[in-house]
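Chemist: File follows, coords_31.tsv with TSV, C-alpha atoms and all ligand atoms:
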```
chain	number	residue	atom	x	y	z
E	21	MET	CA	-13.54	-14.67	-26.63
E	22	ASN	CA	-12.86	-11.36	-25.08
E	23	ASN	CA	-9.67	-10.56	-26.88
E	24	HIS	CA	-8.53	-7.10	-27.56
E	25	LEU	CA	-9.97	-6.91	-31.04
E	26	ASP	CA	-13.46	-8.06	-30.10
E	27	GLU	CA	-13.41	-5.58	-27.30
E	28	LYS	CA	-12.38	-2.74	-29.58
E	29	ILE	CA	-15.24	-3.54	-31.89
E	30	LEU	CA	-17.70	-3.68	-29.02
E	31	VAL	CA	-16.46	-0.39	-27.64
E	32	GLN	CA	-16.77	1.25	-31.02
E	33	LYS	CA	-20.29	-0.08	-31.48
E	34	ALA	CA	-21.24	1.04	-28.01
E	35	LEU	CA	-19.91	4.49	-28.77
E	36	ASP	CA	-21.99	4.51	-31.91
E	37	GLY	CA	-25.02	4.01	-29.74
E	38	ASP	CA	-25.47	0.27	-29.89
E	39	GLN	CA	-27.09	-0.59	-26.57
E	40	LYS	CA	-26.57	-4.27	-27.02
E	41	SER	CA	-22.81	-3.89	-27.26
E	42	MET	CA	-22.83	-1.66	-24.23
E	43	ALA	CA	-24.76	-4.31	-22.34
E	44	ILE	CA	-22.23	-6.97	-23.33
E	45	LEU	CA	-19.41	-4.82	-22.00
E	46	VAL	CA	-21.23	-4.41	-18.71
E	47	GLU	CA	-22.07	-8.08	-18.49
E	48	THR	CA	-18.51	-9.14	-19.28
E	49	HIS	CA	-16.85	-7.09	-16.58
E	50	SER	CA	-19.38	-6.72	-13.82
E	51	ASP	CA	-18.48	-9.86	-11.83
E	52	ARG	CA	-14.85	-8.93	-11.58
E	53	ILE	CA	-15.53	-5.33	-10.71
E	54	TYR	CA	-17.99	-6.37	-8.04
E	55	SER	CA	-15.50	-8.85	-6.67
E	56	LEU	CA	-12.87	-6.16	-6.39
E	57	ALA	CA	-15.32	-3.79	-4.76
E	58	ILE	CA	-16.41	-6.31	-2.19
E	59	LYS	CA	-12.82	-7.03	-1.25
E	60	LEU	CA	-12.09	-3.38	-0.72
E	61	MET	CA	-15.35	-2.38	0.91
E	62	ARG	CA	-16.30	-5.59	2.78
E	63	ASN	CA	-19.86	-4.58	2.54
E	64	GLU	CA	-22.39	-5.56	-0.09
E	65	GLU	CA	-24.21	-2.29	-0.13
E	66	ASP	CA	-21.07	-0.24	-0.69
E	67	ALA	CA	-19.79	-2.72	-3.24
E	68	GLU	CA	-22.99	-2.40	-5.20
E	69	ASP	CA	-22.70	1.38	-5.18
E	70	ILE	CA	-19.17	1.12	-6.52
E	71	LEU	CA	-20.32	-1.30	-9.18
E	72	GLN	CA	-23.09	0.97	-10.37
E	73	GLU	CA	-21.00	4.11	-10.28
E	74	THR	CA	-18.19	2.44	-12.19
E	75	PHE	CA	-20.43	1.48	-15.05
E	76	MET	CA	-22.26	4.78	-15.04
E	77	ILE	CA	-18.89	6.41	-15.52
E	78	MET	CA	-18.04	3.91	-18.21
E	79	ILE	CA	-21.13	4.82	-20.17
E	80	LYS	CA	-20.59	8.54	-19.75
E	81	LYS	CA	-16.87	8.55	-20.42
E	82	LEU	CA	-16.36	5.71	-22.81
E	83	ASN	CA	-15.36	8.22	-25.46
E	84	THR	CA	-12.32	9.11	-23.36
E	85	PHE	CA	-11.17	5.51	-23.19
E	86	ALA	CA	-8.16	5.51	-25.44
E	87	GLY	CA	-7.92	1.78	-25.83
E	88	LYS	CA	-4.26	1.70	-24.81
E	89	SER	CA	-5.00	-0.58	-21.92
E	90	SER	CA	-7.74	-3.16	-21.83
E	91	LEU	CA	-11.17	-1.97	-20.91
E	92	TYR	CA	-10.96	-4.00	-17.74
E	93	THR	CA	-7.83	-2.17	-16.64
E	94	TRP	CA	-9.57	1.10	-17.25
E	95	LEU	CA	-12.67	0.05	-15.33
E	96	TYR	CA	-10.49	-1.38	-12.62
E	97	ARG	CA	-8.86	1.99	-12.05
E	98	ILE	CA	-12.19	3.74	-11.95
E	99	ALA	CA	-13.58	1.24	-9.46
E	100	THR	CA	-10.48	1.33	-7.28
E	101	ASN	CA	-10.50	5.10	-7.14
E	102	LEU	CA	-14.18	5.19	-6.31
E	103	ALA	CA	-13.73	2.60	-3.57
E	104	LEU	CA	-10.75	4.36	-2.06
E	105	GLY	CA	-12.55	7.68	-2.20
E	106	LYS	CA	-15.44	6.16	-0.36
E	107	LEU	CA	-13.20	4.60	2.26
E	108	ARG	CA	-11.46	7.90	2.75
E	109	ARG	CA	-14.73	9.69	3.24
E	110	LYS	CA	-15.57	7.12	5.84
E	111	LYS	CA	-12.18	7.94	7.32
E	112	ILE	CA	-11.19	4.35	7.05
E	113	VAL	CA	-8.04	4.96	5.09
E	114	LYS	CA	-5.88	7.19	7.20
E	115	SER	CA	-3.38	9.15	5.24
E	116	GLU	CA	-0.15	8.32	6.97
E	117	GLU	CA	0.49	6.61	10.21
E	118	ASP	CA	3.51	6.14	12.30
E	119	ILE	CA	5.78	3.52	10.97
E	120	GLN	CA	8.43	3.63	13.62
E	121	ASN	CA	7.68	0.70	15.78
E	122	VAL	CA	6.91	-1.97	13.29
E	123	SER	CA	10.21	-3.72	13.34
E	124	GLU	CA	10.29	-5.32	16.70
E	125	ALA	CA	6.84	-4.94	18.10
E	126	SER	CA	5.22	-7.11	15.50
E	127	TYR	CA	8.09	-9.49	15.13
E	128	LEU	CA	7.35	-12.97	16.37
E	129	GLY	CA	4.73	-11.73	18.71
E	130	LYS	CA	2.69	-14.86	18.20
E	131	ASP	CA	3.26	-18.45	18.94
E	132	ILE	CA	4.66	-19.30	15.56
E	133	GLN	CA	5.92	-22.72	16.42
E	134	ASN	CA	2.33	-23.91	16.49
E	135	TRP	CA	1.56	-22.27	13.24
E	136	LYS	CA	-0.16	-24.54	10.75
E	137	ASN	CA	0.32	-24.27	7.06
E	138	PRO	CA	-3.13	-23.63	5.61
E	139	MET	CA	-1.97	-25.17	2.34
E	140	GLU	CA	-1.67	-28.51	4.03
E	141	ALA	CA	-5.19	-28.61	5.32
E	142	GLU	CA	-7.28	-30.66	2.97
E	143	GLN	CA	-10.51	-28.82	2.69
E	144	ASP	CA	-12.81	-28.23	-0.13
E	145	GLN	CA	-12.62	-24.96	-1.92
E	146	SER	CA	-15.71	-23.44	-0.37
E	147	VAL	CA	-14.41	-23.98	3.15
E	148	MET	CA	-11.10	-22.42	2.16
E	149	THR	CA	-12.80	-19.45	0.60
E	150	THR	CA	-14.95	-18.96	3.66
E	151	CYS	CA	-11.90	-19.10	5.89
E	152	LEU	CA	-10.16	-16.59	3.73
E	153	GLU	CA	-13.08	-14.20	3.61
E	154	HIS	CA	-13.48	-14.44	7.32
E	155	ALA	CA	-9.83	-13.57	7.78
E	156	ILE	CA	-10.01	-10.64	5.37
E	157	SER	CA	-13.07	-9.30	7.11
E	158	LYS	CA	-11.12	-9.21	10.36
E	159	LEU	CA	-8.27	-7.30	8.84
E	160	PRO	CA	-8.17	-3.77	10.22
E	161	GLU	CA	-9.53	-1.41	7.62
E	162	SER	CA	-6.42	0.65	7.10
E	163	TYR	CA	-4.41	-2.43	6.16
E	164	ARG	CA	-7.04	-4.00	4.02
E	165	SER	CA	-6.74	-1.71	1.04
E	166	VAL	CA	-2.99	-2.18	0.95
E	167	PHE	CA	-3.39	-5.88	1.35
E	168	VAL	CA	-6.01	-6.21	-1.36
E	169	LEU	CA	-4.17	-4.05	-3.86
E	170	ARG	CA	-0.74	-5.37	-3.18
E	171	ASP	CA	-1.16	-9.03	-2.37
E	172	MET	CA	-4.40	-9.99	-3.99
E	173	GLU	CA	-4.50	-7.70	-6.97
E	174	LYS	CA	-0.71	-7.85	-7.27
E	175	HIS	CA	-0.02	-4.20	-7.84
E	176	SER	CA	3.51	-3.04	-7.31
E	177	THR	CA	4.46	-1.07	-4.23
E	178	ARG	CA	4.67	2.06	-6.32
E	179	GLU	CA	1.27	1.60	-7.94
E	180	THR	CA	-0.32	0.88	-4.61
E	181	ALA	CA	1.26	3.94	-3.06
E	182	LYS	CA	-0.07	6.03	-5.91
E	183	LEU	CA	-3.56	4.62	-5.71
E	184	LEU	CA	-3.74	5.15	-1.98
E	185	ALA	CA	-1.85	8.42	-1.95
E	186	ILE	CA	0.53	7.25	0.74
E	187	SER	CA	4.28	6.76	0.71
E	188	GLU	CA	5.90	3.60	-0.54
E	189	SER	CA	7.43	2.87	2.82
E	190	ASN	CA	4.01	3.15	4.36
E	191	VAL	CA	2.73	0.61	1.85
E	192	LYS	CA	5.52	-1.78	2.81
E	193	VAL	CA	4.89	-1.46	6.49
E	194	ARG	CA	1.17	-1.92	6.17
E	195	LEU	CA	1.65	-4.87	3.87
E	196	MET	CA	3.93	-6.50	6.37
E	197	ARG	CA	1.44	-5.99	9.17
E	198	ALA	CA	-1.42	-7.20	7.05
E	199	ARG	CA	0.47	-10.36	6.16
E	200	LEU	CA	1.24	-11.10	9.77
E	201	TYR	CA	-2.33	-10.49	10.67
E	202	MET	CA	-3.60	-12.72	7.89
E	203	ARG	CA	-1.21	-15.46	8.85
E	204	ASP	CA	-2.39	-15.51	12.41
E	205	ARG	CA	-6.08	-15.24	11.53
E	206	LEU	CA	-5.83	-18.00	8.94
E	207	ALA	CA	-4.05	-20.25	11.39
E	208	GLU	CA	-6.82	-19.66	13.90
E	209	ASN	CA	-9.45	-20.37	11.30
E	210	MET	CA	-7.80	-23.58	10.28
E	211	GLN	CA	-7.81	-24.77	13.85
E	212	CYS	CA	-11.40	-23.76	14.19
E	213	VAL	CA	-12.36	-25.74	11.10
E	214	GLU	CA	-10.57	-28.78	12.46
E	215	VAL	CA	-12.42	-28.59	15.71
E	216	ILE	CA	-15.75	-28.33	13.93
E	217	GLN	CA	-14.97	-31.29	11.76
E	218	ALA	CA	-13.67	-33.44	14.58
E	219	SER	CA	-16.78	-32.99	16.65
O	24	MET	CA	15.39	0.71	21.50
O	25	ARG	CA	14.31	-2.87	21.88
O	26	GLY	CA	10.85	-2.15	23.26
O	27	SER	CA	9.26	-4.79	25.40
O	28	ASP	CA	10.83	-8.13	24.66
O	29	SER	CA	8.06	-10.10	26.25
O	30	GLY	CA	6.41	-11.37	23.11
O	31	ILE	CA	9.55	-12.24	21.29
O	32	MET	CA	10.27	-15.88	20.93
O	33	ILE	CA	13.65	-15.95	19.41
O	34	GLY	CA	16.15	-18.32	20.88
O	35	HIS	CA	19.13	-16.10	20.48
O	36	ASN	CA	19.70	-12.44	20.10
O	37	HIS	CA	18.68	-10.86	16.87
O	38	SER	CA	20.21	-7.60	15.96
O	39	GLU	CA	17.84	-4.89	14.92
O	40	LYS	CA	19.55	-4.92	11.61
O	41	MET	CA	18.65	-8.57	11.09
O	42	ILE	CA	15.05	-8.04	12.09
O	43	SER	CA	14.73	-5.11	9.79
O	44	MET	CA	16.29	-7.10	6.94
O	45	ILE	CA	13.76	-9.85	7.44
O	46	GLN	CA	10.87	-7.40	7.55
O	47	LYS	CA	12.11	-5.74	4.39
O	48	HIS	CA	12.43	-9.07	2.71
O	49	LEU	CA	8.88	-10.03	3.57
O	50	GLY	CA	7.53	-6.70	2.39
O	51	ARG	CA	8.70	-7.55	-1.10
O	52	ASP	CA	7.03	-9.60	-3.72
O	53	LEU	CA	6.66	-13.22	-3.06
O	54	GLY	CA	9.34	-15.43	-4.51
O	55	VAL	CA	12.18	-12.94	-4.23
O	56	GLU	CA	14.97	-15.00	-2.78
O	57	ALA	CA	16.76	-13.91	0.33
O	58	LYS	CA	20.36	-13.05	-0.35
O	59	GLY	CA	23.69	-12.97	1.41
O	60	GLU	CA	23.68	-12.41	5.11
O	61	LEU	CA	19.94	-12.78	5.36
O	62	LYS	CA	19.86	-16.05	3.46
O	63	LYS	CA	22.60	-17.42	5.64
O	64	HIS	CA	20.80	-16.40	8.79
O	65	ILE	CA	17.48	-17.89	7.75
O	66	SER	CA	19.12	-21.17	6.89
O	67	GLU	CA	20.69	-21.32	10.33
O	68	CYS	CA	17.87	-20.01	12.47
O	69	PRO	CA	14.76	-22.21	12.80
O	70	ASP	CA	12.71	-19.41	14.32
O	71	CYS	CA	13.30	-17.06	11.46
O	72	LYS	CA	12.78	-19.85	8.97
O	73	VAL	CA	9.34	-20.64	10.37
O	74	TYR	CA	8.58	-16.97	10.45
O	75	VAL	CA	9.49	-16.34	6.83
O	76	ASP	CA	7.98	-19.59	5.56
O	77	SER	CA	4.73	-19.05	7.39
O	78	ILE	CA	4.26	-15.65	5.80
O	79	GLU	CA	5.08	-16.95	2.36
O	80	GLU	CA	2.73	-19.89	2.67
O	81	THR	CA	0.00	-17.59	3.87
O	82	VAL	CA	0.38	-15.35	0.85
O	83	LYS	CA	0.36	-18.37	-1.45
O	84	PHE	CA	-2.73	-19.65	0.25
O	85	TYR	CA	-4.82	-16.59	-0.17
O	86	ARG	CA	-3.67	-16.03	-3.71
O	87	LYS	CA	-4.70	-19.55	-4.53
O	88	ASN	CA	-8.09	-19.08	-2.93
O	89	ASN	CA	-8.77	-15.66	-4.33
O	90	ALA	CA	-11.84	-16.48	-6.34
O	91	VAL	CA	-13.94	-14.08	-8.33
O	92	ASN	CA	-17.27	-14.30	-6.62
O	93	GLU	CA	-20.42	-14.14	-8.58
O	94	MET	CA	-22.65	-11.29	-7.68
O	95	PRO	CA	-25.50	-12.05	-5.31
O	96	SER	CA	-28.86	-12.31	-6.95
O	97	GLY	CA	-30.46	-9.04	-7.80
O	98	VAL	CA	-27.24	-7.08	-8.09
O	99	SER	CA	-26.90	-7.58	-11.81
O	100	GLU	CA	-30.57	-6.83	-12.43
O	101	ARG	CA	-30.35	-3.62	-10.44
O	102	LEU	CA	-27.17	-2.65	-12.26
O	103	PHE	CA	-28.84	-2.97	-15.64
O	104	LYS	CA	-31.83	-1.09	-14.42
O	105	VAL	CA	-29.77	1.82	-13.16
O	106	LEU	CA	-27.88	1.90	-16.43
O	107	GLU	CA	-31.10	1.69	-18.39
O	108	LEU	CA	-29.78	-1.19	-20.40
O	109	LYS	CA	-31.33	-4.46	-21.31
O	110	ASN	CA	-29.52	-7.54	-20.11
O	111	ASN	CA	-28.98	-9.61	-23.26
O	112	SER	CA	-27.93	-12.84	-21.71
O	113	THR	CA	-30.15	-13.99	-18.96
O	114	LYS	CA	-27.40	-15.41	-16.78
O	115	GLU	CA	-26.23	-17.92	-19.30
O	116	GLU	CA	-22.96	-16.50	-20.31
O	117	ASN	CA	-20.29	-19.05	-19.66
O	118	GLU	CA	-17.37	-17.78	-21.62
O	119	LYS	CA	-15.29	-15.40	-19.68
Y	1	ZN	ZN	16.74	-15.73	13.49
```
I'd like the structure from this file rewritten - as structure tokens, please.
Ligand SMILES: [Zn+2]

Modeler:
Amino acid sequence: MNNHLDEKILVQKALDGDQKSMAILVETHSDRIYSLAIKLMRNEEDAEDILQETFMIMIKKLNTFAGKSSLYTWLYRIATNLALGKLRRKKIVKSEEDIQNVSEASYLGKDIQNWKNPMEAEQDQSVMTTCLEHAISKLPESYRSVFVLRDMEKHSTRETAKLLAISESNVKVRLMRARLYMRDRLAENMQCVEVIQAS
Amino acid sequence: MRGSDSGIMIGHNHSEKMISMIQKHLGRDLGVEAKGELKKHISECPDCKVYVDSIEETVKFYRKNNAVNEMPSGVSERLFKVLELKNNSTKEENEK
């Protein structure tokens, strides 16, 4: 289910005042919107706020939804903007930062020869997900939004720059730093898991 | 300026140009192949190869493990309450 046509019909019914259709739209998209919010906010309370605000806006503004994109894309933009706004108010997303010294300072700073490929570790999915979430939660806040939008949500550099209102080169630099950071954290986590399992 | 070289574990000298090429390469989308000078260097330099591979594997890893989490209990109920809607399906919707 959930193709474009069904969605159009549901949206139309919801606009005509059918509460049941509105509820289906909420039900269909709420998990994914919450998931996005939790990745950006790293905090259940904030994520829940974003979730609620997103759907309140949906209900209020559904008549402005042109149907050119999917409803999810539309909701996604609303949720992302709300989350980024909130992060900015918390002064977590700094506007620009110096990008001069990324090249060498962060290059091969860590003991990469001992790096372990997390793909090779045979763990069940829940352990992997826990490792990953742990690593993301340690990611410095100003890199996280770039990392989530760019690497996890797969937005282009340009889209990410637009969403965050920073320059494209700043996106690239932060992405690079975030990736390095994630690599090192994941490697640490993998080792930690091995130790736990060996004991 | 080379900054402090202390943390750098490269066996031979890397020009700043090379380092910046590698950084640029890694800032791109995954799967974009290195070209020309950069490709040649990576194929000849084990340090840079590990460096580039490790980043790419990391990205693959977290993309693979990027699950949509279900909402914790209560979140959905509160959402519907705030929206003043009735939740049709009582947590039995499997088709997504
Ligand atoms: Zn090299």

Chemist: If we count all atoms listed in the file, what is near segment 174-183 of chain E at a cut-off of 10 Å, once residues fewer than 4 positions away on the same chain are taken out, given as a list in words?

Modeler: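 Counting all atoms listed in the file, the residues come to Arg97, Thr100, Asn101, Leu104, Ser165, Val166, Phe167, Val168, Leu169, Arg170, Ser187, Glu188, Ser189, Asn190, Val191, Lys192 and Leu195 of chain E; Gly50, Arg51, Asp52 and Arg86 of chain O.
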
Chemist: If you count all atoms listed in the file, which residues end up within 7 Å of ligand ZN 1 (chain Y), as a PyMOL selection string?

Modeler: chain O and resi 33+37+64-65+68-71

Chemist: Any idea what the distance is between atom CA of Met42 of chain E and atom CA of Ile79 of chain E?

Modeler: 7.8 Å

Chemist: Considering all atoms listed in the file, give me a table of residues in chain O that are at most 8 Å from chain E, with the closest atom pair and distance in Å for each, as JSON lines.

Modeler:
```
{"residue": "O:Arg25", "atom": "CA", "partner": "E:Glu124", "partner_atom": "CA", "distance": 7.0}
{"residue": "O:Gly26", "atom": "CA", "partner": "E:Ala125", "partner_atom": "CA", "distance": 7.1}
{"residue": "O:Ser27", "atom": "CA", "partner": "E:Ala125", "partner_atom": "CA", "distance": 7.7}
{"residue": "O:Gly30", "atom": "CA", "partner": "E:Gly129", "partner_atom": "CA", "distance": 4.7}
{"residue": "O:Ile31", "atom": "CA", "partner": "E:Leu128", "partner_atom": "CA", "distance": 5.4}
{"residue": "O:Met32", "atom": "CA", "partner": "E:Leu128", "partner_atom": "CA", "distance": 6.1}
{"residue": "O:Ile33", "atom": "CA", "partner": "E:Leu128", "partner_atom": "CA", "distance": 7.6}
{"residue": "O:Glu39", "atom": "CA", "partner": "E:Glu124", "partner_atom": "CA", "distance": 7.8}
{"residue": "O:Ile42", "atom": "CA", "partner": "E:Ser123", "partner_atom": "CA", "distance": 6.6}
{"residue": "O:Ser43", "atom": "CA", "partner": "E:Ser123", "partner_atom": "CA", "distance": 5.9}
{"residue": "O:Gln46", "atom": "CA", "partner": "E:Ser123", "partner_atom": "CA", "distance": 6.9}
{"residue": "O:Lys47", "atom": "CA", "partner": "E:Lys192", "partner_atom": "CA", "distance": 7.8}
{"residue": "O:Leu49", "atom": "CA", "partner": "E:Met196", "partner_atom": "CA", "distance": 6.7}
{"residue": "O:Gly50", "atom": "CA", "partner": "E:Lys192", "partner_atom": "CA", "distance": 5.3}
{"residue": "O:Arg51", "atom": "CA", "partner": "E:Lys192", "partner_atom": "CA", "distance": 7.7}
{"residue": "O:Asp70", "atom": "CA", "partner": "E:Gln133", "partner_atom": "CA", "distance": 7.8}
{"residue": "O:Val73", "atom": "CA", "partner": "E:Ile132", "partner_atom": "CA", "distance": 7.1}
{"residue": "O:Tyr74", "atom": "CA", "partner": "E:Ile132", "partner_atom": "CA", "distance": 6.8}
{"residue": "O:Ser77", "atom": "CA", "partner": "E:Asn137", "partner_atom": "CA", "distance": 6.8}
{"residue": "O:Ile78", "atom": "CA", "partner": "E:Arg203", "partner_atom": "CA", "distance": 6.3}
{"residue": "O:Glu80", "atom": "CA", "partner": "E:Asn137", "partner_atom": "CA", "distance": 6.7}
{"residue": "O:Thr81", "atom": "CA", "partner": "E:Arg203", "partner_atom": "CA", "distance": 5.5}
{"residue": "O:Val82", "atom": "CA", "partner": "E:Asp171", "partner_atom": "CA", "distance": 7.3}
{"residue": "O:Phe84", "atom": "CA", "partner": "E:Met139", "partner_atom": "CA", "distance": 6.0}
{"residue": "O:Tyr85", "atom": "CA", "partner": "E:Leu152", "partner_atom": "CA", "distance": 6.6}
{"residue": "O:Arg86", "atom": "CA", "partner": "E:Met172", "partner_atom": "CA", "distance": 6.1}
{"residue": "O:Asn88", "atom": "CA", "partner": "E:Thr149", "partner_atom": "CA", "distance": 5.9}
{"residue": "O:Asn89", "atom": "CA", "partner": "E:Met172", "partner_atom": "CA", "distance": 7.2}
{"residue": "O:Ala90", "atom": "CA", "partner": "E:Thr149", "partner_atom": "CA", "distance": 7.6}
{"residue": "O:Val91", "atom": "CA", "partner": "E:Ser55", "partner_atom": "CA", "distance": 5.7}
{"residue": "O:Asn92", "atom": "CA", "partner": "E:Ser55", "partner_atom": "CA", "distance": 5.7}
{"residue": "O:Glu93", "atom": "CA", "partner": "E:Asp51", "partner_atom": "CA", "distance": 5.7}
{"residue": "O:Met94", "atom": "CA", "partner": "E:Asp51", "partner_atom": "CA", "distance": 6.1}
{"residue": "O:Val98", "atom": "CA", "partner": "E:Glu68", "partner_atom": "CA", "distance": 7.0}
{"residue": "O:Ser99", "atom": "CA", "partner": "E:Ser50", "partner_atom": "CA", "distance": 7.8}
{"residue": "O:Leu102", "atom": "CA", "partner": "E:Gln72", "partner_atom": "CA", "distance": 5.8}
{"residue": "O:Phe103", "atom": "CA", "partner": "E:Ala43", "partner_atom": "CA", "distance": 8.0}
{"residue": "O:Val105", "atom": "CA", "partner": "E:Gln72", "partner_atom": "CA", "distance": 7.3}
{"residue": "O:Leu106", "atom": "CA", "partner": "E:Met76", "partner_atom": "CA", "distance": 6.5}
{"residue": "O:Leu108", "atom": "CA", "partner": "E:Ala43", "partner_atom": "CA", "distance": 6.2}
{"residue": "O:Lys109", "atom": "CA", "partner": "E:Ala43", "partner_atom": "CA", "distance": 6.7}
{"residue": "O:Asn110", "atom": "CA", "partner": "E:Ala43", "partner_atom": "CA", "distance": 6.2}
{"residue": "O:Asn111", "atom": "CA", "partner": "E:Ala43", "partner_atom": "CA", "distance": 6.8}
{"residue": "O:Glu118", "atom": "CA", "partner": "E:Met21", "partner_atom": "CA", "distance": 7.0}
{"residue": "O:Lys119", "atom": "CA", "partner": "E:Thr48", "partner_atom": "CA", "distance": 7.1}
```

Chemist: Just to confirm, what's the straight-line distance from atom CA of Asp36 of chain E to atom CA of Phe85 of chain E in Å (one decimal)?

Modeler: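 So the answer is 13.9 Å.
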
Chemist: Between atom CA of Leu35 of chain E and atom CA of Gly87 of chain E, measure the distance and give it in Å to one decimal.

Modeler: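 According to the coordinates, atom CA of Leu35 of chain E and atom CA of Gly87 of chain E are separated by 12.6 Å.
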